[in-house]
>>> print(open('target.pdb').read())   # PDB, C-alpha atoms, pLDDT in the B column
ATOM      1  CA  MET A   1    -184.324  -1.445 200.075  1.00 48.00           C
ATOM      2  CA  GLY A   2    -183.678  -2.229 203.669  1.00 44.00           C
ATOM      3  CA  ASP A   3    -185.390  -0.854 206.730  1.00 36.00           C
ATOM      4  CA  ILE A   4    -183.189   2.166 207.356  1.00 40.00           C
ATOM      5  CA  ARG A   5    -185.665   3.880 209.626  1.00 34.00           C
ATOM      6  CA  ARG A   6    -184.169   2.143 212.628  1.00 36.00           C
ATOM      7  CA  ARG A   7    -181.019   4.128 211.972  1.00 38.00           C
ATOM      8  CA  GLY A   8    -182.910   7.399 211.992  1.00 35.00           C
ATOM      9  CA  ALA A   9    -182.944   7.871 208.252  1.00 35.00           C
ATOM     10  CA  VAL A  10    -185.981   8.420 206.074  1.00 31.00           C
ATOM     11  CA  ALA A  11    -186.217   6.254 202.999  1.00 34.00           C
ATOM     12  CA  LEU A  12    -186.748   8.551 200.048  1.00 32.00           C
ATOM     13  CA  GLY A  13    -187.599   5.862 197.559  1.00 32.00           C
ATOM     14  CA  LEU A  14    -187.645   2.214 196.714  1.00 33.00           C
ATOM     15  CA  ALA A  15    -184.308   0.587 196.109  1.00 34.00           C
ATOM     16  CA  GLY A  16    -182.292  -2.546 196.365  1.00 35.00           C
ATOM     17  CA  LEU A  17    -182.547  -6.042 195.191  1.00 32.00           C
ATOM     18  CA  VAL A  18    -185.623  -7.017 193.269  1.00 31.00           C
ATOM     19  CA  ALA A  19    -186.452 -10.465 191.994  1.00 31.00           C
ATOM     20  CA  PRO A  20    -185.857 -10.218 188.263  1.00 32.00           C
ATOM     21  CA  LEU A  21    -189.246  -9.406 186.782  1.00 30.00           C
ATOM     22  CA  THR A  22    -188.652 -11.429 183.655  1.00 32.00           C
ATOM     23  CA  LEU A  23    -187.935 -14.485 185.755  1.00 32.00           C
ATOM     24  CA  ALA A  24    -190.634 -14.025 188.375  1.00 33.00           C
ATOM     25  CA  ALA A  25    -193.499 -12.977 186.148  1.00 34.00           C
ATOM     26  CA  THR A  26    -193.020 -15.071 183.053  1.00 36.00           C
ATOM     27  CA  ALA A  27    -190.880 -17.984 184.172  1.00 38.00           C
ATOM     28  CA  ALA A  28    -191.508 -21.162 182.264  1.00 38.00           C
ATOM     29  CA  PRO A  29    -192.080 -24.505 183.979  1.00 38.00           C
ATOM     30  CA  ALA A  30    -189.062 -26.437 185.198  1.00 42.00           C
ATOM     31  CA  GLN A  31    -188.462 -28.186 181.895  1.00 51.00           C
ATOM     32  CA  ALA A  32    -186.113 -26.484 179.446  1.00 67.00           C
ATOM     33  CA  ALA A  33    -187.750 -24.243 176.876  1.00 81.00           C
ATOM     34  CA  SER A  34    -187.734 -25.507 173.321  1.00 93.00           C
ATOM     35  CA  CYS A  35    -185.768 -23.673 170.635  1.00 96.00           C
ATOM     36  CA  THR A  36    -187.564 -21.587 168.047  1.00 98.00           C
ATOM     37  CA  THR A  37    -186.921 -22.107 164.365  1.00 97.00           C
ATOM     38  CA  GLN A  38    -187.856 -18.508 163.610  1.00 98.00           C
ATOM     39  CA  ALA A  39    -185.200 -15.915 162.777  1.00 98.00           C
ATOM     40  CA  GLY A  40    -185.483 -12.730 164.797  1.00 98.00           C
ATOM     41  CA  PRO A  41    -185.267  -9.093 163.656  1.00 98.00           C
ATOM     42  CA  TYR A  42    -181.710  -8.882 165.021  1.00 98.00           C
ATOM     43  CA  GLN A  43    -180.600 -12.259 163.714  1.00 98.00           C
ATOM     44  CA  LYS A  44    -177.465 -11.061 161.906  1.00 98.00           C
ATOM     45  CA  GLN A  45    -176.328  -8.799 164.750  1.00 98.00           C
ATOM     46  CA  VAL A  46    -176.788 -11.584 167.288  1.00 98.00           C
ATOM     47  CA  GLU A  47    -175.017 -14.105 165.071  1.00 98.00           C
ATOM     48  CA  LYS A  48    -172.056 -11.749 164.741  1.00 98.00           C
ATOM     49  CA  PHE A  49    -171.904 -11.117 168.484  1.00 98.00           C
ATOM     50  CA  LEU A  50    -171.887 -14.846 169.217  1.00 98.00           C
ATOM     51  CA  GLY A  51    -169.317 -15.652 166.537  1.00 98.00           C
ATOM     52  CA  ARG A  52    -171.791 -17.604 164.462  1.00 98.00           C
ATOM     53  CA  THR A  53    -172.035 -17.674 160.670  1.00 98.00           C
ATOM     54  CA  VAL A  54    -173.747 -14.400 159.766  1.00 98.00           C
ATOM     55  CA  ASP A  55    -176.450 -15.345 157.294  1.00 98.00           C
ATOM     56  CA  GLY A  56    -179.620 -14.070 158.955  1.00 98.00           C
ATOM     57  CA  LYS A  57    -181.060 -17.565 159.065  1.00 98.00           C
ATOM     58  CA  GLN A  58    -181.923 -19.437 162.224  1.00 98.00           C
ATOM     59  CA  SER A  59    -180.141 -22.768 162.538  1.00 98.00           C
ATOM     60  CA  SER A  60    -180.302 -25.264 165.381  1.00 97.00           C
ATOM     61  CA  GLY A  61    -176.793 -24.198 166.410  1.00 98.00           C
ATOM     62  CA  ASP A  62    -177.754 -20.535 166.332  1.00 98.00           C
ATOM     63  CA  CYS A  63    -180.773 -21.176 168.501  1.00 98.00           C
ATOM     64  CA  LYS A  64    -178.828 -23.137 171.099  1.00 98.00           C
ATOM     65  CA  ALA A  65    -176.131 -20.451 171.278  1.00 98.00           C
ATOM     66  CA  ILE A  66    -178.706 -17.670 171.668  1.00 98.00           C
ATOM     67  CA  GLN A  67    -180.632 -19.698 174.230  1.00 98.00           C
ATOM     68  CA  ALA A  68    -177.468 -20.293 176.279  1.00 98.00           C
ATOM     69  CA  PHE A  69    -176.827 -16.536 176.315  1.00 98.00           C
ATOM     70  CA  GLN A  70    -180.403 -15.857 177.384  1.00 98.00           C
ATOM     71  CA  ASN A  71    -180.253 -18.400 180.185  1.00 98.00           C
ATOM     72  CA  LYS A  72    -176.954 -17.001 181.436  1.00 98.00           C
ATOM     73  CA  HIS A  73    -178.346 -13.498 181.782  1.00 98.00           C
ATOM     74  CA  GLY A  74    -181.939 -14.258 182.778  1.00 97.00           C
ATOM     75  CA  ILE A  75    -183.556 -13.135 179.532  1.00 98.00           C
ATOM     76  CA  THR A  76    -186.979 -14.653 178.985  1.00 96.00           C
ATOM     77  CA  PRO A  77    -188.486 -16.356 177.177  1.00 96.00           C
ATOM     78  CA  ALA A  78    -185.230 -18.255 176.641  1.00 98.00           C
ATOM     79  CA  ILE A  79    -186.221 -19.827 173.330  1.00 98.00           C
ATOM     80  CA  GLY A  80    -183.262 -18.684 171.233  1.00 98.00           C
ATOM     81  CA  TYR A  81    -185.108 -15.858 169.477  1.00 98.00           C
ATOM     82  CA  ALA A  82    -182.946 -12.917 168.350  1.00 98.00           C
ATOM     83  CA  GLY A  83    -185.293 -10.219 169.582  1.00 98.00           C
ATOM     84  CA  SER A  84    -184.858  -6.674 170.827  1.00 97.00           C
ATOM     85  CA  VAL A  85    -184.151  -7.532 174.469  1.00 97.00           C
ATOM     86  CA  THR A  86    -181.428 -10.041 173.633  1.00 98.00           C
ATOM     87  CA  TRP A  87    -179.792  -7.723 171.112  1.00 98.00           C
ATOM     88  CA  GLY A  88    -180.147  -4.791 173.510  1.00 98.00           C
ATOM     89  CA  VAL A  89    -178.071  -6.639 176.115  1.00 98.00           C
ATOM     90  CA  MET A  90    -175.439  -7.565 173.546  1.00 98.00           C
ATOM     91  CA  ASP A  91    -175.309  -4.021 172.154  1.00 98.00           C
ATOM     92  CA  LEU A  92    -174.806  -2.646 175.673  1.00 98.00           C
ATOM     93  CA  MET A  93    -171.972  -5.116 176.242  1.00 98.00           C
ATOM     94  CA  ASN A  94    -170.301  -3.896 173.047  1.00 98.00           C
ATOM     95  CA  LYS A  95    -170.614  -0.269 174.140  1.00 98.00           C
ATOM     96  CA  GLN A  96    -169.253  -1.058 177.597  1.00 98.00           C
ATOM     97  CA  LYS A  97    -166.264  -2.841 176.105  1.00 98.00           C
ATOM     98  CA  ALA A  98    -165.553   0.123 173.811  1.00 97.00           C
ATOM     99  CA  VAL A  99    -165.088   2.410 176.827  1.00 97.00           C
ATOM    100  CA  GLY A 100    -161.818   0.720 177.707  1.00 96.00           C
ATOM    101  CA  ASN A 101    -159.893   2.320 180.562  1.00 95.00           C
ATOM    102  CA  ASN A 102    -161.171   5.848 180.019  1.00 96.00           C
ATOM    103  CA  PRO A 103    -164.718   5.838 181.451  1.00 98.00           C
ATOM    104  CA  ASN A 104    -164.757   9.597 182.143  1.00 98.00           C
ATOM    105  CA  LYS A 105    -163.738  10.579 178.632  1.00 96.00           C
ATOM    106  CA  ASP A 106    -166.780  12.847 178.421  1.00 94.00           C
ATOM    107  CA  GLY A 107    -165.705  14.594 181.636  1.00 96.00           C
ATOM    108  CA  LYS A 108    -169.175  14.380 183.155  1.00 98.00           C
ATOM    109  CA  CYS A 109    -168.105  12.883 186.486  1.00 98.00           C
ATOM    110  CA  PRO A 110    -166.526  15.665 188.631  1.00 98.00           C
ATOM    111  CA  VAL A 111    -162.758  15.677 188.919  1.00 97.00           C
ATOM    112  CA  ASN A 112    -162.645  18.358 191.628  1.00 97.00           C
ATOM    113  CA  LYS A 113    -164.126  16.283 194.456  1.00 95.00           C
ATOM    114  CA  GLY A 114    -161.238  14.001 195.321  1.00 96.00           C
ATOM    115  CA  ARG A 115    -162.332  10.385 195.650  1.00 98.00           C
ATOM    116  CA  ILE A 116    -165.720   9.839 194.044  1.00 98.00           C
ATOM    117  CA  ALA A 117    -167.776   6.894 192.807  1.00 98.00           C
ATOM    118  CA  CYS A 118    -169.214   7.558 189.354  1.00 98.00           C
ATOM    119  CA  VAL A 119    -172.258   5.841 187.834  1.00 98.00           C
ATOM    120  CA  ASN A 120    -173.026   6.208 184.126  1.00 98.00           C
ATOM    121  CA  LEU A 121    -176.616   5.022 183.740  1.00 98.00           C
ATOM    122  CA  THR A 122    -176.541   5.192 179.947  1.00 98.00           C
ATOM    123  CA  LEU A 123    -173.711   2.672 179.736  1.00 98.00           C
ATOM    124  CA  GLN A 124    -174.512   0.868 183.005  1.00 98.00           C
ATOM    125  CA  LEU A 125    -170.938   1.362 184.177  1.00 98.00           C
ATOM    126  CA  SER A 126    -169.430   2.495 187.456  1.00 98.00           C
ATOM    127  CA  TRP A 127    -165.912   3.359 188.549  1.00 98.00           C
ATOM    128  CA  ILE A 128    -164.016   5.125 191.310  1.00 98.00           C
ATOM    129  CA  GLN A 129    -161.720   8.031 190.552  1.00 98.00           C
ATOM    130  CA  ASP A 130    -159.608  10.396 192.617  1.00 98.00           C
ATOM    131  CA  GLY A 131    -159.512  13.703 190.817  1.00 97.00           C
ATOM    132  CA  SER A 132    -158.796  12.677 187.240  1.00 95.00           C
ATOM    133  CA  ARG A 133    -156.992   9.478 188.284  1.00 97.00           C
ATOM    134  CA  LEU A 134    -158.862   6.229 187.750  1.00 98.00           C
ATOM    135  CA  VAL A 135    -158.729   4.169 190.954  1.00 98.00           C
ATOM    136  CA  TYR A 136    -160.941   1.199 190.093  1.00 98.00           C
ATOM    137  CA  GLY A 137    -163.069   0.080 187.167  1.00 98.00           C
ATOM    138  CA  PRO A 138    -164.956   0.655 185.024  1.00 98.00           C
ATOM    139  CA  VAL A 139    -167.235  -2.262 185.890  1.00 98.00           C
ATOM    140  CA  PRO A 140    -170.746  -3.160 184.665  1.00 98.00           C
ATOM    141  CA  VAL A 141    -173.564  -2.504 187.129  1.00 98.00           C
ATOM    142  CA  ARG A 142    -177.314  -3.061 187.231  1.00 98.00           C
ATOM    143  CA  THR A 143    -179.376   0.016 188.067  1.00 98.00           C
ATOM    144  CA  GLY A 144    -183.066   0.881 188.503  1.00 97.00           C
ATOM    145  CA  ARG A 145    -185.605  -0.323 185.976  1.00 97.00           C
ATOM    146  CA  ASP A 146    -188.347   1.775 184.394  1.00 97.00           C
ATOM    147  CA  GLY A 147    -190.426   3.424 187.109  1.00 96.00           C
ATOM    148  CA  TYR A 148    -187.758   2.853 189.760  1.00 95.00           C
ATOM    149  CA  GLU A 149    -184.835   4.696 188.195  1.00 97.00           C
ATOM    150  CA  THR A 150    -181.643   5.299 190.117  1.00 98.00           C
ATOM    151  CA  ARG A 151    -181.793   9.014 190.863  1.00 98.00           C
ATOM    152  CA  THR A 152    -179.219  11.242 189.206  1.00 98.00           C
ATOM    153  CA  GLY A 153    -177.051  13.962 190.706  1.00 98.00           C
ATOM    154  CA  LEU A 154    -174.280  14.476 193.238  1.00 98.00           C
ATOM    155  CA  LYS A 155    -174.731  12.434 196.437  1.00 98.00           C
ATOM    156  CA  LYS A 156    -172.747  11.358 199.479  1.00 98.00           C
ATOM    157  CA  ILE A 157    -172.461   7.989 201.153  1.00 98.00           C
ATOM    158  CA  TYR A 158    -174.259   8.474 204.451  1.00 98.00           C
ATOM    159  CA  TRP A 159    -174.608   4.953 205.841  1.00 97.00           C
ATOM    160  CA  ARG A 160    -172.805   1.634 205.353  1.00 97.00           C
ATOM    161  CA  ASP A 161    -174.042  -1.786 206.453  1.00 96.00           C
ATOM    162  CA  ILE A 162    -171.996  -4.789 205.392  1.00 96.00           C
ATOM    163  CA  ASP A 163    -174.699  -7.349 206.282  1.00 94.00           C
ATOM    164  CA  HIS A 164    -177.803  -5.382 205.386  1.00 92.00           C
ATOM    165  CA  VAL A 165    -181.073  -7.239 204.780  1.00 89.00           C
ATOM    166  CA  SER A 166    -184.019  -5.644 203.007  1.00 84.00           C
ATOM    167  CA  ASN A 167    -187.196  -5.803 205.081  1.00 80.00           C
ATOM    168  CA  LEU A 168    -189.200  -4.890 201.972  1.00 76.00           C
ATOM    169  CA  TYR A 169    -188.070  -7.868 199.877  1.00 76.00           C
ATOM    170  CA  ASN A 170    -186.613  -9.989 202.690  1.00 79.00           C
ATOM    171  CA  VAL A 171    -183.390 -10.467 200.751  1.00 84.00           C
ATOM    172  CA  PRO A 172    -179.763  -9.846 201.695  1.00 88.00           C
ATOM    173  CA  MET A 173    -178.036  -6.716 200.412  1.00 93.00           C
ATOM    174  CA  PRO A 174    -174.373  -7.377 201.271  1.00 97.00           C
ATOM    175  CA  TYR A 175    -171.876  -4.508 201.353  1.00 97.00           C
ATOM    176  CA  SER A 176    -174.610  -1.855 201.258  1.00 97.00           C
ATOM    177  CA  GLN A 177    -173.432   1.728 200.951  1.00 98.00           C
ATOM    178  CA  PHE A 178    -176.431   4.082 200.953  1.00 97.00           C
ATOM    179  CA  PHE A 179    -176.111   7.373 199.081  1.00 98.00           C
ATOM    180  CA  ASP A 180    -179.676   8.557 198.349  1.00 97.00           C
ATOM    181  CA  GLY A 181    -182.521   7.572 200.641  1.00 92.00           C
ATOM    182  CA  GLY A 182    -182.925   3.825 200.155  1.00 92.00           C
ATOM    183  CA  GLN A 183    -180.649   3.665 197.109  1.00 96.00           C
ATOM    184  CA  ALA A 184    -177.295   2.003 197.653  1.00 97.00           C
ATOM    185  CA  PHE A 185    -174.388   0.137 196.140  1.00 98.00           C
ATOM    186  CA  HIS A 186    -174.624  -3.559 197.065  1.00 98.00           C
ATOM    187  CA  SER A 187    -173.907  -7.003 195.709  1.00 98.00           C
ATOM    188  CA  VAL A 188    -176.397  -9.425 194.131  1.00 97.00           C
ATOM    189  CA  ASN A 189    -176.215 -12.963 192.823  1.00 95.00           C
ATOM    190  CA  LEU A 190    -177.463 -12.004 189.379  1.00 96.00           C
ATOM    191  CA  SER A 191    -175.962 -11.214 186.023  1.00 98.00           C
ATOM    192  CA  MET A 192    -175.244  -7.502 185.678  1.00 98.00           C
ATOM    193  CA  TRP A 193    -177.152  -7.668 182.383  1.00 98.00           C
ATOM    194  CA  ASN A 194    -180.250  -9.300 183.854  1.00 97.00           C
ATOM    195  CA  PRO A 195    -183.317  -7.322 182.729  1.00 96.00           C
ATOM    196  CA  PRO A 196    -185.168  -5.246 183.620  1.00 96.00           C
ATOM    197  CA  GLY A 197    -183.054  -3.931 186.529  1.00 97.00           C
ATOM    198  CA  SER A 198    -183.239  -3.158 190.249  1.00 96.00           C
ATOM    199  CA  HIS A 199    -185.707  -1.100 192.252  1.00 93.00           C
ATOM    200  CA  GLY A 200    -183.216   1.759 192.320  1.00 95.00           C
ATOM    201  CA  CYS A 201    -180.047   0.406 193.888  1.00 97.00           C
ATOM    202  CA  VAL A 202    -176.800   0.043 191.994  1.00 98.00           C
ATOM    203  CA  ASN A 203    -176.333  -3.725 191.900  1.00 98.00           C
ATOM    204  CA  MET A 204    -172.807  -5.125 191.681  1.00 98.00           C
ATOM    205  CA  THR A 205    -171.014  -8.444 191.652  1.00 98.00           C
ATOM    206  CA  THR A 206    -169.592  -9.542 194.985  1.00 98.00           C
ATOM    207  CA  THR A 207    -166.077  -8.797 193.733  1.00 98.00           C
ATOM    208  CA  THR A 208    -167.005  -5.233 192.795  1.00 98.00           C
ATOM    209  CA  ALA A 209    -169.080  -4.577 195.912  1.00 98.00           C
ATOM    210  CA  THR A 210    -166.293  -5.725 198.236  1.00 98.00           C
ATOM    211  CA  LYS A 211    -163.799  -3.541 196.376  1.00 98.00           C
ATOM    212  CA  TYR A 212    -166.107  -0.527 196.657  1.00 98.00           C
ATOM    213  CA  TRP A 213    -166.484  -1.289 200.361  1.00 98.00           C
ATOM    214  CA  SER A 214    -162.726  -1.180 200.829  1.00 98.00           C
ATOM    215  CA  LEU A 215    -162.166   1.944 198.721  1.00 98.00           C
ATOM    216  CA  LEU A 216    -165.051   4.128 199.889  1.00 98.00           C
ATOM    217  CA  LYS A 217    -166.112   5.483 203.265  1.00 98.00           C
ATOM    218  CA  LYS A 218    -168.927   7.457 204.827  1.00 98.00           C
ATOM    219  CA  GLY A 219    -168.943  10.987 203.415  1.00 98.00           C
ATOM    220  CA  ASP A 220    -167.412  10.089 200.057  1.00 98.00           C
ATOM    221  CA  ASP A 221    -169.114  11.535 196.983  1.00 98.00           C
ATOM    222  CA  VAL A 222    -171.208   9.625 194.454  1.00 98.00           C
ATOM    223  CA  PHE A 223    -172.205  11.068 191.086  1.00 98.00           C
ATOM    224  CA  VAL A 224    -174.966   9.470 189.025  1.00 98.00           C
ATOM    225  CA  TYR A 225    -175.722  10.666 185.507  1.00 98.00           C
ATOM    226  CA  GLY A 226    -177.216   9.624 182.185  1.00 98.00           C
ATOM    227  CA  ARG A 227    -180.290   7.512 181.532  1.00 97.00           C
ATOM    228  CA  LYS A 228    -180.592   3.755 181.537  1.00 97.00           C
ATOM    229  CA  PRO A 229    -181.758   2.282 178.223  1.00 94.00           C
ATOM    230  CA  GLY A 230    -185.459   1.484 178.378  1.00 92.00           C
ATOM    231  CA  THR A 231    -186.328   4.003 181.094  1.00 94.00           C
TER     232      THR A 231
END
>>> encode(input="target.pdb", output="C-alpha cells")
Amino acid sequence: MGDIRRRGAVALGLAGLVAPLTLAATAAPAQAASCTTQAGPYQKQVEKFLGRTVDGKQSSGDCKAIQAFQNKHGITPAIGYAGSVTWGVMDLMNKQKAVGNNPNKDGKCPVNKGRIACVNLTLQLSWIQDGSRLVYGPVPVRTGRDGYETRTGLKKIYWRDIDHVSNLYNVPMPYSQFFDGGQAFHSVNLSMWNPPGSHGCVNMTTTTATKYWSLLKKGDDVFVYGRKPGT
C-alpha cells in the first residue's frame, strides 16, 4: 500500500506488495535445499501434473522436478515434497486452465456496466469485459492472503499512479490503479502463484498490469467476488 493520504484519500486497509511470507519467514540459507526421499500425500497428483511416472513413489527425478517447481513459484521449504501447498498451487493452475476463454460463464461479473475489470478470487483470475464481450484475459493474479483479503463487491478506479511506491513496505508498485482504499491493481516481480498472497492488492505480471493501464481509466468499474483458497 502506498501513501495515498498526500492525494487526499483515506486508506481503508492494507494493500499492495508484500514480501512473500514463505520466503521471508522461513527462507533457508543460501545453499540449495536437499531433496527429500519421502513421498508426500499428493505424490500421484503431483507426478501426473509434472508428467512424471505416476507410481506414488518418490524418486530422485521426481524430487528434482518437484523442487524446481517449488523454486519457480516461491514455495518453501523447497525440498521436493509433494505436500498440500505444492499440490494446491498445481490444482489451482489446472482449474484456471479449464476456464478457457469464458471466464464469466457463471455470469457473476456484471454485464450491464460497460467496461469493467473482473476479479474472481476463488480462481485467482482477472479479466476485462465490455458488456458481455471479453476484452482482455483471463489472466492469473495474486490477491490478498489470509487476514488481508482483497475486499469483494463493486468498486470504481479512483486514482492511478504509474510510478507508485509504497511508503509502508518501501517497494515499487508500478501501474497502480486504486479501487478500494489502499487496494489496487499493480505489477510485481513474483510468480502469480507465490504463496501466501499480497496484503490486499491484486498483483499482476508487468505485461498484464501495463495492459490494464492502457485499457482502464479513472471511473471504470471493478468487481471482485469469490473467496481465495486458504482464506
>>> closest_residue(input="target.pdb", among="A:Asn120, A:Asn189, A:Asn203, A:Ser126", to="Gln177 in chain A", atoms="all atoms listed in the file")
A:Asn203
>>> atom_distance(input="target.pdb", atom1="CA of Lys211 in chain A", atom2="CA of Gln129 in chain A")
13.1 Å
>>> closest_residue(input="target.pdb", among="A:Gly56, A:Gly61, A:Gly219, A:Gly197", to="Glu149 in chain A", atoms="only C-alpha atoms")
A:Gly197
>>> residues_around(input="target.pdb", residues="Gly51 in chain A", least_positions_apart="4", cutoff="12 Å", atoms="all atoms listed in the file", output="count of residues only")
9
>>> residues_around(input="target.pdb", residues="Gln70 in chain A", least_positions_apart="4", cutoff="10 Å", atoms="all atoms listed in the file", output="ChimeraX atom specification")
/A:64-66,74-82,85-86,89,194
>>> atom_distance(input="target.pdb", atom1="CA of Leu168 in chain A", atom2="CA of Thr122 in chain A")
27.3 Å
>>> atom_distance(input="target.pdb", atom1="CA of Ile128 in chain A", atom2="CA of Pro196 in chain A")
24.8 Å
>>> residues_near_point(input="target.pdb", point="(-165.7, 10.7, 194.5)", cutoff="8 Å", atoms="all atoms listed in the file", output="list of chain:residue names")
A:Pro110, A:Lys113, A:Gly114, A:Arg115, A:Ile116, A:Ala117, A:Cys118, A:Ile128, A:Gln129, A:Asp130, A:Gly131, A:Asp220, A:Asp221, A:Val222, A:Phe223
>>> closest_residue(input="target.pdb", among="A:Phe178, A:Phe49, A:Tyr212, A:Trp193", to="Pro140 in chain A", atoms="only C-alpha atoms")
A:Trp193
>>> residues_around(input="target.pdb", residues="Lys218 in chain A", least_positions_apart="4", cutoff="8 Å", atoms="only C-alpha atoms", output="list in words")
Lys156, Ile157, Tyr158, Trp159 and Arg160 of chain A
>>> resolve_selection(input="target.pdb", expression="the PyMOL selection byres ((chain A and resi 139) around 9)", output="MDAnalysis selection string")
chainID A and resid 96 124:127 136:138 140:141 204 208
>>> resolve_selection(input="target.pdb", expression="the PyMOL selection byres ((chain A and resi 230) around 9)", output="list in words")
Arg145, Asp146, Pro196, Arg227, Lys228, Pro229 and Thr231 of chain A
>>> residues_near_point(input="target.pdb", point="(-189.1, -10.6, 166.3)", cutoff="8 Å", atoms="all atoms listed in the file", output="PyMOL selection string")
chain A and resi 39-42+81-84
